[in-house]
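Structure data (compact mmCIF, C-alpha atoms and all ligand atoms) from target_18.txt:
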# COMPACT_ATOMS: atom_id res chain seq x y z
CA MET A 1 -17.43 31.64 37.94
CA ILE A 2 -15.92 30.72 34.61
CA ARG A 3 -14.84 34.29 33.91
CA GLU A 4 -13.33 34.51 37.40
CA MET A 5 -11.25 31.43 36.75
CA ALA A 6 -9.89 32.98 33.59
CA GLU A 7 -9.19 36.31 35.23
CA SER A 8 -7.65 35.06 38.42
CA SER A 9 -5.05 33.12 36.48
CA MET A 10 -3.33 33.96 33.26
CA LEU A 11 -5.42 31.61 31.15
CA ARG A 12 -5.44 32.57 27.54
CA LEU A 13 -8.80 32.06 25.87
CA PRO A 14 -9.97 30.36 23.78
CA ILE A 15 -8.34 27.12 24.86
CA TYR A 16 -7.20 24.83 22.05
CA LEU A 17 -8.32 21.25 22.72
CA ASP A 18 -8.54 19.96 19.17
CA ASN A 19 -5.09 18.40 18.83
CA ASN A 20 -6.43 15.40 16.90
CA ALA A 21 -7.38 17.80 14.09
CA THR A 22 -4.07 19.59 14.01
CA THR A 23 -1.39 20.81 16.40
CA ARG A 24 0.40 24.07 16.95
CA CYS A 25 3.78 24.04 15.24
CA ASP A 26 6.35 23.77 18.03
CA PRO A 27 8.46 26.98 18.19
CA ARG A 28 11.59 24.80 18.12
CA VAL A 29 10.36 23.32 14.85
CA VAL A 30 9.76 26.79 13.40
CA GLU A 31 13.26 27.79 14.39
CA ALA A 32 14.77 24.75 12.69
CA MET A 33 12.88 25.55 9.46
CA LEU A 34 13.65 29.26 9.19
CA PRO A 35 17.13 29.13 7.57
CA PHE A 36 15.76 26.94 4.80
CA PHE A 37 13.37 29.55 3.43
CA SER A 38 15.70 32.34 2.36
CA GLU A 39 19.21 31.30 3.28
CA HIS A 40 19.59 27.64 2.33
CA PHE A 41 16.93 27.82 -0.36
CA GLY A 42 18.51 25.51 -2.94
CA ASN A 43 16.80 22.76 -4.86
CA ALA A 44 17.78 19.44 -3.32
CA ALA A 45 17.96 17.99 -6.83
CA SER A 46 20.56 20.55 -8.02
CA ARG A 47 23.78 18.56 -8.23
CA ASN A 48 26.05 21.32 -9.57
CA HIS A 49 26.47 23.79 -6.72
CA SER A 50 26.59 24.26 -2.99
CA PHE A 51 23.03 25.60 -2.80
CA GLY A 52 21.76 22.24 -4.00
CA TRP A 53 24.24 20.28 -1.89
CA LYS A 54 23.18 22.11 1.27
CA ALA A 55 19.50 21.39 0.59
CA ALA A 56 20.20 17.74 -0.27
CA GLU A 57 22.22 17.32 2.91
CA ALA A 58 19.33 18.69 5.00
CA VAL A 59 16.87 16.37 3.23
CA GLU A 60 19.05 13.31 3.80
CA GLN A 61 19.49 14.18 7.47
CA ALA A 62 15.70 14.61 7.71
CA ARG A 63 15.17 11.23 6.07
CA ALA A 64 17.37 9.61 8.71
CA ASP A 65 15.56 11.44 11.53
CA VAL A 66 12.12 10.34 10.31
CA ALA A 67 13.34 6.77 9.76
CA GLY A 68 14.87 6.74 13.25
CA LEU A 69 11.51 7.42 14.89
CA ILE A 70 9.95 4.24 13.44
CA GLY A 71 12.93 1.88 13.31
CA ALA A 72 13.30 2.17 9.53
CA ASP A 73 16.18 2.76 7.16
CA ALA A 74 16.51 6.26 5.68
CA ARG A 75 16.17 4.80 2.18
CA GLU A 76 12.68 3.57 3.08
CA ILE A 77 11.25 7.09 3.59
CA VAL A 78 9.32 8.87 0.83
CA PHE A 79 8.42 12.51 1.50
CA THR A 80 4.86 13.53 0.58
CA SER A 81 2.44 16.38 1.24
CA GLY A 82 0.87 14.64 4.25
CA ALA A 83 -0.93 11.53 5.41
CA THR A 84 -3.70 11.88 2.82
CA GLU A 85 -1.16 11.59 0.04
CA CYS A 86 0.70 8.80 1.88
CA ASN A 87 -2.50 6.76 2.16
CA ASN A 88 -3.40 7.34 -1.49
CA LEU A 89 0.11 6.42 -2.61
CA ALA A 90 0.22 3.32 -0.42
CA ILE A 91 -3.21 1.97 -1.33
CA LYS A 92 -3.50 2.93 -4.99
CA GLY A 93 0.24 2.43 -5.49
CA VAL A 94 0.08 -1.18 -4.25
CA ALA A 95 -3.14 -1.82 -6.19
CA GLY A 96 -1.56 -0.56 -9.40
CA MET A 97 1.67 -2.49 -8.96
CA TYR A 98 0.27 -5.82 -7.70
CA ARG A 99 -3.03 -6.08 -9.55
CA ARG A 100 -1.87 -9.17 -11.45
CA GLN A 101 -1.43 -10.94 -8.09
CA GLY A 102 -4.90 -10.09 -6.84
CA ASN A 103 -7.70 -7.58 -6.63
CA HIS A 104 -8.76 -7.72 -2.99
CA VAL A 105 -8.02 -5.22 -0.21
CA VAL A 106 -8.97 -5.47 3.47
CA THR A 107 -9.56 -2.37 5.59
CA VAL A 108 -11.74 -1.19 8.49
CA GLN A 109 -15.01 0.77 8.60
CA THR A 110 -13.59 3.36 11.02
CA GLU A 111 -10.55 4.36 8.94
CA HIS A 112 -9.99 8.02 8.06
CA HIS A 113 -11.56 9.24 4.80
CA ALA A 114 -8.05 9.35 3.37
CA VAL A 115 -8.08 5.51 3.48
CA LEU A 116 -11.78 4.83 2.86
CA ASP A 117 -12.02 7.01 -0.23
CA PRO A 118 -8.98 5.57 -2.07
CA CYS A 119 -10.46 2.12 -1.29
CA ARG A 120 -13.81 3.17 -2.74
CA ARG A 121 -12.03 4.36 -5.85
CA LEU A 122 -10.39 0.95 -6.15
CA GLU A 123 -13.86 -0.63 -6.00
CA ARG A 124 -14.91 1.51 -8.95
CA ASP A 125 -11.78 0.29 -10.74
CA GLY A 126 -12.73 -3.37 -10.35
CA PHE A 127 -11.16 -4.20 -6.98
CA GLU A 128 -12.99 -5.84 -4.12
CA VAL A 129 -12.66 -4.22 -0.72
CA THR A 130 -13.67 -5.70 2.63
CA PHE A 131 -14.52 -3.02 5.18
CA LEU A 132 -14.27 -4.86 8.50
CA PRO A 133 -16.64 -3.90 11.32
CA VAL A 134 -15.24 -3.03 14.75
CA ASP A 135 -16.29 -4.00 18.27
CA GLU A 136 -18.01 -1.64 20.73
CA PHE A 137 -14.63 -0.09 21.57
CA GLY A 138 -13.66 0.48 17.96
CA ARG A 139 -11.20 -2.41 17.57
CA VAL A 140 -10.68 -5.07 14.93
CA SER A 141 -8.98 -8.32 15.86
CA ALA A 142 -6.21 -10.12 14.03
CA GLU A 143 -8.63 -13.07 13.66
CA GLN A 144 -11.08 -10.86 11.79
CA VAL A 145 -8.32 -9.79 9.45
CA GLU A 146 -7.17 -13.37 9.00
CA ARG A 147 -10.69 -14.57 8.13
CA ALA A 148 -11.08 -11.77 5.58
CA ILE A 149 -7.89 -12.60 3.67
CA THR A 150 -8.37 -14.65 0.51
CA GLU A 151 -6.12 -15.94 -2.28
CA ARG A 152 -6.79 -12.65 -4.06
CA THR A 153 -5.83 -10.31 -1.18
CA ILE A 154 -2.85 -8.03 -1.87
CA LEU A 155 -3.15 -5.43 0.90
CA VAL A 156 -4.43 -4.96 4.45
CA SER A 157 -4.78 -1.36 5.68
CA VAL A 158 -5.52 -0.83 9.38
CA MET A 159 -4.87 2.47 11.15
CA ALA A 160 -2.62 2.61 14.22
CA ALA A 161 -4.90 4.93 16.20
CA ASN A 162 -8.32 6.32 15.40
CA ASN A 163 -8.58 10.09 14.98
CA GLU A 164 -12.04 10.41 16.56
CA ILE A 165 -12.12 7.99 19.48
CA GLY A 166 -8.39 7.31 19.90
CA THR A 167 -8.74 3.52 19.83
CA LEU A 168 -5.57 1.55 19.06
CA HIS A 169 -5.66 -1.60 16.92
CA PRO A 170 -3.53 -4.70 17.67
CA LEU A 171 -0.99 -3.87 14.97
CA ALA A 172 1.68 -6.46 15.83
CA GLU A 173 -0.83 -9.32 15.73
CA ILE A 174 -2.28 -8.09 12.45
CA GLY A 175 1.26 -7.72 11.13
CA ARG A 176 1.98 -11.37 11.94
CA VAL A 177 -1.16 -12.50 10.14
CA CYS A 178 -0.21 -10.47 7.07
CA LYS A 179 3.33 -11.84 7.07
CA THR A 180 2.11 -15.45 7.32
CA ARG A 181 -0.39 -14.94 4.54
CA LYS A 182 2.11 -12.96 2.43
CA VAL A 183 -0.12 -9.90 2.20
CA LEU A 184 1.25 -6.35 2.38
CA PHE A 185 0.33 -4.42 5.54
CA HIS A 186 -0.22 -0.66 5.51
CA THR A 187 -0.99 1.42 8.60
CA ASP A 188 -2.14 5.03 8.77
CA ALA A 189 -0.14 6.25 11.76
CA ALA A 190 -1.00 9.95 11.45
CA GLN A 191 -2.39 10.01 15.00
CA ALA A 192 0.05 7.54 16.51
CA THR A 193 3.51 8.72 15.48
CA GLY A 194 5.26 10.39 18.35
CA LYS A 195 2.65 9.24 20.89
CA PHE A 196 3.98 5.74 21.56
CA PRO A 197 6.89 3.69 20.18
CA LEU A 198 6.25 2.41 16.65
CA ASP A 199 8.75 -0.02 15.22
CA VAL A 200 8.12 -1.19 11.68
CA GLU A 201 10.08 -4.43 12.26
CA SER A 202 8.35 -5.60 15.41
CA LEU A 203 4.95 -4.51 14.06
CA GLY A 204 5.48 -6.27 10.74
CA VAL A 205 4.41 -3.15 8.86
CA ASP A 206 5.28 -2.74 5.16
CA LEU A 207 3.91 0.78 4.62
CA LEU A 208 3.28 3.48 7.25
CA SER A 209 1.81 6.97 6.84
CA ILE A 210 3.03 9.98 8.86
CA SER A 211 1.71 13.55 8.94
CA ALA A 212 3.83 16.40 10.34
CA HIS A 213 0.98 18.66 11.43
CA LYS A 214 -0.45 16.07 13.81
CA MET A 215 2.84 15.99 15.71
CA TYR A 216 3.74 19.69 16.18
CA GLY A 217 5.28 20.04 12.74
CA PRO A 218 4.19 22.16 9.76
CA LYS A 219 1.15 21.49 7.56
CA GLY A 220 1.66 20.18 4.05
CA VAL A 221 4.32 17.55 4.64
CA GLY A 222 4.35 13.89 5.57
CA ALA A 223 6.33 10.73 5.02
CA LEU A 224 5.48 7.28 3.77
CA TYR A 225 7.59 4.38 4.98
CA VAL A 226 8.00 1.84 2.17
CA ARG A 227 9.71 -1.43 3.12
CA ARG A 228 12.80 -2.31 1.06
CA ARG A 229 13.62 -5.78 2.40
CA ASN A 230 11.48 -8.86 3.15
CA PRO A 231 9.70 -7.94 0.98
CA HIS A 232 10.84 -5.13 -1.27
CA VAL A 233 7.60 -3.16 -1.75
CA ARG A 234 7.04 -1.46 -5.07
CA LEU A 235 4.47 1.25 -5.74
CA GLU A 236 2.96 2.67 -8.86
CA PRO A 237 3.50 6.44 -8.51
CA MET A 238 0.64 8.92 -8.37
CA PHE A 239 2.64 11.65 -10.12
CA ASP A 240 4.80 11.31 -13.18
CA GLY A 241 7.65 13.76 -13.34
CA GLY A 242 11.28 14.20 -12.47
CA GLY A 243 11.59 10.85 -10.73
CA HIS A 244 12.27 12.21 -7.25
CA GLU A 245 11.99 9.93 -4.23
CA ARG A 246 13.15 6.85 -6.15
CA GLY A 247 10.46 7.47 -8.75
CA MET A 248 7.64 7.04 -6.23
CA ARG A 249 6.88 10.72 -5.77
CA SER A 250 8.04 13.24 -8.32
CA GLY A 251 8.16 16.93 -7.47
CA THR A 252 10.75 19.34 -6.05
CA LEU A 253 11.15 18.59 -2.37
CA PRO A 254 9.80 21.27 0.02
CA VAL A 255 13.02 21.44 2.02
CA PRO A 256 11.88 23.85 4.80
CA ILE A 257 8.90 21.79 5.85
CA ILE A 258 10.78 18.51 5.42
CA VAL A 259 13.31 19.93 7.89
CA GLY A 260 10.33 20.83 10.10
CA LEU A 261 8.96 17.29 9.95
CA ALA A 262 12.36 15.95 10.95
CA ALA A 263 12.65 18.38 13.86
CA ALA A 264 9.18 17.31 15.01
CA CYS A 265 10.27 13.67 14.83
CA ARG A 266 13.43 14.30 16.85
CA LEU A 267 11.50 16.20 19.53
CA SER A 268 8.84 13.54 19.86
CA ALA A 269 11.49 10.81 19.97
CA THR A 270 13.20 12.38 22.97
CA GLU A 271 10.07 13.61 24.74
CA MET A 272 7.64 10.83 23.85
CA GLN A 273 7.51 9.06 27.17
CA SER A 274 7.15 12.07 29.45
CA GLU A 275 4.84 13.87 27.06
CA SER A 276 2.50 10.93 26.61
CA GLN A 277 2.34 10.43 30.36
CA ARG A 278 1.53 14.11 30.83
CA SER A 279 -1.18 14.06 28.13
CA LYS A 280 -2.65 10.92 29.62
CA ASN A 281 -2.74 12.44 33.11
CA LEU A 282 -4.50 15.56 31.80
CA ARG A 283 -6.92 13.41 29.78
CA ASP A 284 -7.73 11.22 32.79
CA HIS A 285 -8.22 14.33 34.88
CA LEU A 286 -10.63 15.77 32.29
CA HIS A 287 -12.47 12.44 32.05
CA ALA A 288 -12.84 12.11 35.83
CA GLY A 289 -13.80 15.77 36.19
CA LEU A 290 -16.57 15.46 33.62
CA MET A 291 -17.85 12.17 35.05
CA ASN A 292 -18.03 13.81 38.48
CA THR A 293 -19.75 17.03 37.44
CA VAL A 294 -21.94 16.10 34.46
CA PRO A 295 -24.71 13.53 34.92
CA ASP A 296 -25.38 11.09 32.08
CA CYS A 297 -22.20 11.32 30.12
CA THR A 298 -20.45 8.33 28.59
CA LEU A 299 -17.03 7.52 27.17
CA ASN A 300 -16.73 6.53 23.52
CA GLY A 301 -13.87 4.28 22.54
CA HIS A 302 -11.63 1.89 24.44
CA PRO A 303 -11.07 2.53 28.17
CA THR A 304 -7.35 1.66 28.03
CA GLU A 305 -6.19 0.83 24.49
CA ARG A 306 -6.33 4.44 23.35
CA LEU A 307 -4.28 7.50 22.46
CA PRO A 308 -2.98 9.32 25.54
CA GLY A 309 -4.53 12.74 24.80
CA ASN A 310 -7.84 11.74 23.28
CA LEU A 311 -11.22 11.86 25.04
CA ASN A 312 -14.50 11.35 23.20
CA MET A 313 -17.67 11.65 25.26
CA SER A 314 -21.41 11.81 24.73
CA PHE A 315 -23.58 14.17 26.76
CA ALA A 316 -27.12 12.81 26.56
CA GLY A 317 -29.81 15.35 25.86
CA VAL A 318 -27.72 18.11 24.34
CA HIS A 319 -26.83 18.57 20.74
CA GLY A 320 -23.08 18.64 20.10
CA GLU A 321 -23.43 21.62 17.79
CA ALA A 322 -25.39 23.54 20.44
CA LEU A 323 -22.82 22.52 23.02
CA LEU A 324 -20.01 23.85 20.84
CA MET A 325 -21.85 27.16 20.50
CA ALA A 326 -22.48 27.32 24.25
CA MET A 327 -18.80 26.86 25.10
CA LYS A 328 -17.10 29.54 23.07
CA ASN A 329 -13.94 29.47 25.16
CA VAL A 330 -12.88 25.93 24.36
CA ALA A 331 -12.07 24.71 20.85
CA VAL A 332 -13.12 21.07 20.46
CA SER A 333 -14.83 18.96 17.78
CA SER A 334 -18.33 17.49 17.77
CA GLY A 335 -19.33 13.97 16.81
CA SER A 336 -21.16 15.23 13.80
CA ALA A 337 -19.75 15.98 10.40
CA CYS A 338 -21.24 18.86 8.46
CA THR A 339 -21.67 17.80 4.87
CA SER A 340 -22.98 20.24 2.33
CA ALA A 341 -26.51 18.88 2.66
CA SER A 342 -26.92 18.11 6.35
CA VAL A 343 -25.31 17.31 9.67
CA GLU A 344 -24.47 13.61 9.72
CA PRO A 345 -23.60 11.67 12.84
CA SER A 346 -20.01 10.43 12.87
CA TYR A 347 -19.58 7.13 11.02
CA VAL A 348 -16.97 6.10 13.60
CA LEU A 349 -19.42 6.49 16.49
CA ARG A 350 -22.06 4.68 14.44
CA ALA A 351 -19.63 1.82 13.84
CA ILE A 352 -19.12 1.31 17.58
CA GLY A 353 -22.89 1.18 18.08
CA VAL A 354 -23.54 4.68 19.41
CA SER A 355 -27.09 5.80 18.52
CA ASP A 356 -27.46 8.72 16.12
CA GLU A 357 -28.88 10.85 18.94
CA LEU A 358 -25.92 10.18 21.20
CA ALA A 359 -23.46 10.58 18.35
CA HIS A 360 -24.89 14.04 17.77
CA SER A 361 -24.37 14.81 21.45
CA SER A 362 -20.71 13.92 21.56
CA LEU A 363 -17.52 15.93 21.74
CA ARG A 364 -13.91 15.05 20.99
CA PHE A 365 -11.29 16.59 23.25
CA GLY A 366 -7.74 16.42 21.92
CA ILE A 367 -5.14 17.22 24.56
CA GLY A 368 -1.61 18.02 23.43
CA ARG A 369 1.87 19.26 24.24
CA PHE A 370 0.83 22.83 25.07
CA ASN A 371 -2.21 22.21 27.25
CA THR A 372 -2.05 22.87 30.98
CA GLU A 373 -3.83 21.59 34.04
CA GLU A 374 -5.45 25.00 34.47
CA GLU A 375 -6.95 24.73 31.00
CA ILE A 376 -8.39 21.33 31.88
CA GLU A 377 -9.97 22.73 35.06
CA PHE A 378 -11.48 25.55 33.06
CA THR A 379 -12.78 23.13 30.45
CA ILE A 380 -14.49 20.91 33.02
CA ALA A 381 -16.34 23.94 34.40
CA GLU A 382 -17.17 25.23 30.93
CA VAL A 383 -18.59 21.91 29.69
CA ALA A 384 -20.49 21.26 32.92
CA GLY A 385 -22.05 24.73 32.79
CA ALA A 386 -22.98 24.47 29.12
CA VAL A 387 -24.54 21.01 29.44
CA LYS A 388 -26.55 22.12 32.47
CA ARG A 389 -27.85 25.25 30.73
CA LEU A 390 -28.78 23.38 27.57
CA ARG A 391 -30.55 20.61 29.47
CA GLU A 392 -32.54 23.21 31.41
CA LEU A 393 -33.48 24.94 28.18
CA ASN A 394 -34.83 21.75 26.72
CA PRO A 395 -35.70 19.36 29.54
CA LYS A 396 -37.99 17.24 27.38
CA LEU A 397 -35.29 16.54 24.83
CA ALA A 398 -32.84 15.94 27.63
CA ARG A 399 -35.11 13.46 29.38
CA GLY A 400 -35.97 11.69 26.15
CA LEU A 401 -32.35 11.24 25.26
CA VAL A 402 -31.34 10.13 28.72
CA ASP A 403 -34.03 7.43 28.37
CA VAL A 404 -32.45 6.41 25.10
CA VAL A 405 -29.08 5.98 26.83
CA ARG A 406 -30.50 3.81 29.56
C1 LIG A 501 -5.14 13.94 9.90
C2 LIG A 501 -5.23 12.54 9.45
C3 LIG A 501 -5.03 12.20 8.10
C4 LIG A 501 -4.78 13.26 7.05
O1 LIG A 501 -3.50 13.79 7.20
P1 LIG A 501 -3.05 15.08 6.35
O2 LIG A 501 -1.60 15.18 6.62
O3 LIG A 501 -3.84 16.22 6.90
O4 LIG A 501 -3.35 14.81 4.92
C5 LIG A 501 -5.10 10.88 7.76
N1 LIG A 501 -5.35 9.93 8.67
C6 LIG A 501 -5.53 10.21 9.97
C7 LIG A 501 -5.78 9.10 10.94
C8 LIG A 501 -5.48 11.53 10.40
O5 LIG A 501 -5.69 11.79 11.69

Can the structure in the file be given as structure tokens, please?
Amino acid sequence: MIREMAESSMLRLPIYLDNNATTRCDPRVVEAMLPFFSEHFGNAASRNHSFGWKAAEAVEQARADVAGLIGADAREIVFTSGATECNNLAIKGVAGMYRRQGNHVVTVQTEHHAVLDPCRRLERDGFEVTFLPVDEFGRVSAEQVERAITERTILVSVMAANNEIGTLHPLAEIGRVCKTRKVLFHTDAAQATGKFPLDVESLGVDLLSISAHKMYGPKGVGALYVRRRNPHVRLEPMFDGGGHERGMRSGTLPVPIIVGLAAACRLSATEMQSESQRSKNLRDHLHAGLMNTVPDCTLNGHPTERLPGNLNMSFAGVHGEALLMAMKNVAVSSGSACTSASVEPSYVLRAIGVSDELAHSSLRFGIGRFNTEEEIEFTIAEVAGAVKRLRELNPKLARGLVDVVR
């Protein structure tokens, strides 16, 4: 039945449904980048000739394009290698620059490792970090943030949208709390940029991390928004060097992929509304299709306050890893993280109160720009078939786990 579906149409297998991990570079983005590899290859810092001028002009246009997507000024954009570097620069950069004012940072248990690990490093360096718990949907409230802030707090870091379960945090409310308490507010927006409007003014954000490869741009480039007015945010740099990017990030700018990031920003600015609606429709279709065909499956995350293309579900009684193996034609992620020693259940699912058993039986579907309705139909059939087969293979485990759910 599954093979027939693939053959009768022109479905190309395997189907990519892991767009929260990375996205295909949009062909229009690739096209925009191409001239900057071997034609306009100058160093944007070369002031003495047209090769340098051409590169610098492209970089400044890119800076304006990225800024435009988030309501910022071009001078507030610092190009980096991606959201991991942005988060490190924001968190450690603020800590280094403001440590005389305080040594306390507030963040959330379900942040990406690229926020949690810099925070843990700060703890080893004598800082105190509050890792706020989340509710059953994966949200923190502005009240929680407010209660956590002390005289010693210099930074609050709360992600815009979670990469595993898609949950959105109430950024504007948190931004207001931070402004009132005069604490800097950083948000990791790697999953959110391009999916819904983000305006640094109305959100009260002081630092914002962007990654190109999560929004149909190239890998290896990102941008950090650093507020210049009310207040003027200063960062201790991670790299010492030529003083590029106003001294905050030294290193020759990778012009081709910066141009790619900008092209990705322009595309998502113009297509955001229709694209998000389309992703959401496909996601809702997948969700409804699975609920209708697979008994005992549950949604993880918030029912409405979530990313348009994200669906995280648990399938009681089957192991996520086994499920991944059983559905070779669809590329998704499981709710387990393979560490060198063992398979650990996702800390995000744990934080929203999902049992370890159910966390191990969960899958993350990430729907994006290039997915089609046909692919979603195929995926519903593929998952339903795989879950059924695995439950039949191990009915005792299946029954036991279903009992755990209930
Ligand atoms: C992907 C991701 C990152 C890391 O981004 P890179 O550009 O790959 O370094 C950080 N935070 C979130 C929420 C992400 O989804």

Show me which residues line ligand LIG 501 (chain A), defined as having an atom within 10 Å of a ligand atom where all atoms listed in the file count, and present them as a PDB file with C-alpha atoms, in the frame of the given file.
ATOM      1  CA  ASN A  19      -5.090  18.400  18.830  1.00  0.00           C
ATOM      2  CA  ASN A  20      -6.430  15.400  16.900  1.00  0.00           C
ATOM      3  CA  ALA A  21      -7.380  17.800  14.090  1.00  0.00           C
ATOM      4  CA  THR A  22      -4.070  19.590  14.010  1.00  0.00           C
ATOM      5  CA  THR A  80       4.860  13.530   0.580  1.00  0.00           C
ATOM      6  CA  SER A  81       2.440  16.380   1.240  1.00  0.00           C
ATOM      7  CA  GLY A  82       0.870  14.640   4.250  1.00  0.00           C
ATOM      8  CA  ALA A  83      -0.930  11.530   5.410  1.00  0.00           C
ATOM      9  CA  THR A  84      -3.700  11.880   2.820  1.00  0.00           C
ATOM     10  CA  GLU A  85      -1.160  11.590   0.040  1.00  0.00           C
ATOM     11  CA  CYS A  86       0.700   8.800   1.880  1.00  0.00           C
ATOM     12  CA  ASN A  87      -2.500   6.760   2.160  1.00  0.00           C
ATOM     13  CA  ASN A  88      -3.400   7.340  -1.490  1.00  0.00           C
ATOM     14  CA  THR A 110     -13.590   3.360  11.020  1.00  0.00           C
ATOM     15  CA  GLU A 111     -10.550   4.360   8.940  1.00  0.00           C
ATOM     16  CA  HIS A 112      -9.990   8.020   8.060  1.00  0.00           C
ATOM     17  CA  HIS A 113     -11.560   9.240   4.800  1.00  0.00           C
ATOM     18  CA  ALA A 114      -8.050   9.350   3.370  1.00  0.00           C
ATOM     19  CA  VAL A 115      -8.080   5.510   3.480  1.00  0.00           C
ATOM     20  CA  MET A 159      -4.870   2.470  11.150  1.00  0.00           C
ATOM     21  CA  ALA A 160      -2.620   2.610  14.220  1.00  0.00           C
ATOM     22  CA  ALA A 161      -4.900   4.930  16.200  1.00  0.00           C
ATOM     23  CA  ASN A 162      -8.320   6.320  15.400  1.00  0.00           C
ATOM     24  CA  ASN A 163      -8.580  10.090  14.980  1.00  0.00           C
ATOM     25  CA  GLU A 164     -12.040  10.410  16.560  1.00  0.00           C
ATOM     26  CA  GLY A 166      -8.390   7.310  19.900  1.00  0.00           C
ATOM     27  CA  THR A 187      -0.990   1.420   8.600  1.00  0.00           C
ATOM     28  CA  ASP A 188      -2.140   5.030   8.770  1.00  0.00           C
ATOM     29  CA  ALA A 189      -0.140   6.250  11.760  1.00  0.00           C
ATOM     30  CA  ALA A 190      -1.000   9.950  11.450  1.00  0.00           C
ATOM     31  CA  GLN A 191      -2.390  10.010  15.000  1.00  0.00           C
ATOM     32  CA  ALA A 192       0.050   7.540  16.510  1.00  0.00           C
ATOM     33  CA  SER A 209       1.810   6.970   6.840  1.00  0.00           C
ATOM     34  CA  ILE A 210       3.030   9.980   8.860  1.00  0.00           C
ATOM     35  CA  SER A 211       1.710  13.550   8.940  1.00  0.00           C
ATOM     36  CA  ALA A 212       3.830  16.400  10.340  1.00  0.00           C
ATOM     37  CA  HIS A 213       0.980  18.660  11.430  1.00  0.00           C
ATOM     38  CA  LYS A 214      -0.450  16.070  13.810  1.00  0.00           C
ATOM     39  CA  PRO A 218       4.190  22.160   9.760  1.00  0.00           C
ATOM     40  CA  LYS A 219       1.150  21.490   7.560  1.00  0.00           C
ATOM     41  CA  GLY A 220       1.660  20.180   4.050  1.00  0.00           C
ATOM     42  CA  VAL A 221       4.320  17.550   4.640  1.00  0.00           C
ATOM     43  CA  GLY A 222       4.350  13.890   5.570  1.00  0.00           C
ATOM     44  CA  ALA A 223       6.330  10.730   5.020  1.00  0.00           C
TER      45      ALA A 223
END

How close does each residue of region 91-195 of chain A get to region 263-274 of chain A, giving the shortest atom pair and distance in Å to one decimal for every residue with an atom at most 12 Å away, counting only C-alpha atoms, sorted by chain and residue number, as a Markdown table?
| residue | atom | partner | partner_atom | distance |
| --- | --- | --- | --- | --- |
| A:Ala192 | CA | A:Met272 | CA | 11.1 |
| A:Thr193 | CA | A:Cys265 | CA | 8.4 |
| A:Gly194 | CA | A:Ser268 | CA | 5.0 |
| A:Lys195 | CA | A:Met272 | CA | 6.0 |

Problem set entry | Shortest interatomic distance to Gln277 (chain A) - which of A:Ala67, A:Ala386, A:Leu34, A:Ile367, counting all atoms listed in the file |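 For Gln277 (chain A), the nearest of the given residues is A:Ile367.
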
Problem set entry | region 293-307 of chain A environment, 8 Å, all atoms listed in the file, sequence neighbours closer than 3 positions dropped, as a PyMOL selection string | chain A and resi 136-138+161+165-169+192+195+289-290+310-316+349+352+380+384+387-388+402

For this session: Name the residues in contact with His40 (chain A) at a cut-off of 9 Å, using all atoms listed in the file, excluding same-chain residues fewer than 5 positions from it; report them as a PyMOL selection string.
Result: chain A and resi 35+51-52+54-55+256

For this session: Excluding Leu122 (chain A) and any residue of its chain fewer than 6 positions from it, enumerate the residues within 10 Å of it, using all atoms listed in the file, and give them as a list of chain:residue names.
Result: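 My list of contacting residues is A:Ile91, A:Lys92, A:Ala95, A:Gly96, A:Asn103, A:His104, A:Val105, A:Leu116, A:Glu128, A:Val129.
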
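Of note, CA of Arg249 (chain A) and CA of Arg234 (chain A) are spaced 12.2 Å apart.
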
For this session: Take the point (-8.6, -1.5, 6.4) in the file's coordinates, draw a sphere of radius 6 Å around it, and report as an MDAnalysis selection string every protein, DNA or RNA residue with an atom inside or on it, counting all atoms listed in the file.
Result: chainID A and resid 106:108 156:158

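Between CA of His186 (chain A) and CA of Ala56 (chain A) lies a distance of 28.1 Å.
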
Write out as a compact mmCIF listing (two decimals) with C-alpha atoms, in the coordinates of the input the residues lying within 12 Å of Phe37 (chain A), counting only C-alpha atoms and excluding same-chain residues fewer than 2 positions away.
# COMPACT_ATOMS: atom_id res chain seq x y z
CA VAL A 30 9.76 26.79 13.40
CA GLU A 31 13.26 27.79 14.39
CA ALA A 32 14.77 24.75 12.69
CA MET A 33 12.88 25.55 9.46
CA LEU A 34 13.65 29.26 9.19
CA PRO A 35 17.13 29.13 7.57
CA GLU A 39 19.21 31.30 3.28
CA HIS A 40 19.59 27.64 2.33
CA PHE A 41 16.93 27.82 -0.36
CA GLY A 42 18.51 25.51 -2.94
CA ASN A 43 16.80 22.76 -4.86
CA ALA A 55 19.50 21.39 0.59
CA PRO A 254 9.80 21.27 0.02
CA VAL A 255 13.02 21.44 2.02
CA PRO A 256 11.88 23.85 4.80
CA ILE A 257 8.90 21.79 5.85
CA ILE A 258 10.78 18.51 5.42
CA VAL A 259 13.31 19.93 7.89
CA GLY A 260 10.33 20.83 10.10

Exercise. Using only C-alpha atoms, which residues sit within 7 Å of Gly102 (chain A) once same-chain residues fewer than 5 positions away are excluded, as a list in words?
Worked result: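 Counting only C-alpha atoms, the residues come to Arg152, Thr153 and Ile154 of chain A.
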
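Distances to Gly126 (chain A) were evaluated for A:His287, A:Glu245, A:Arg99, A:Leu89 using all atoms listed in the file, and the minimum falls at A:Arg99.
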
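Within 6 Å of the file-frame point (13.7, 20.7, -4.8), and using only C-alpha atoms, the polymer residues found are Asn43, Ala44, Ala45, Thr252 and Leu253 of chain A.
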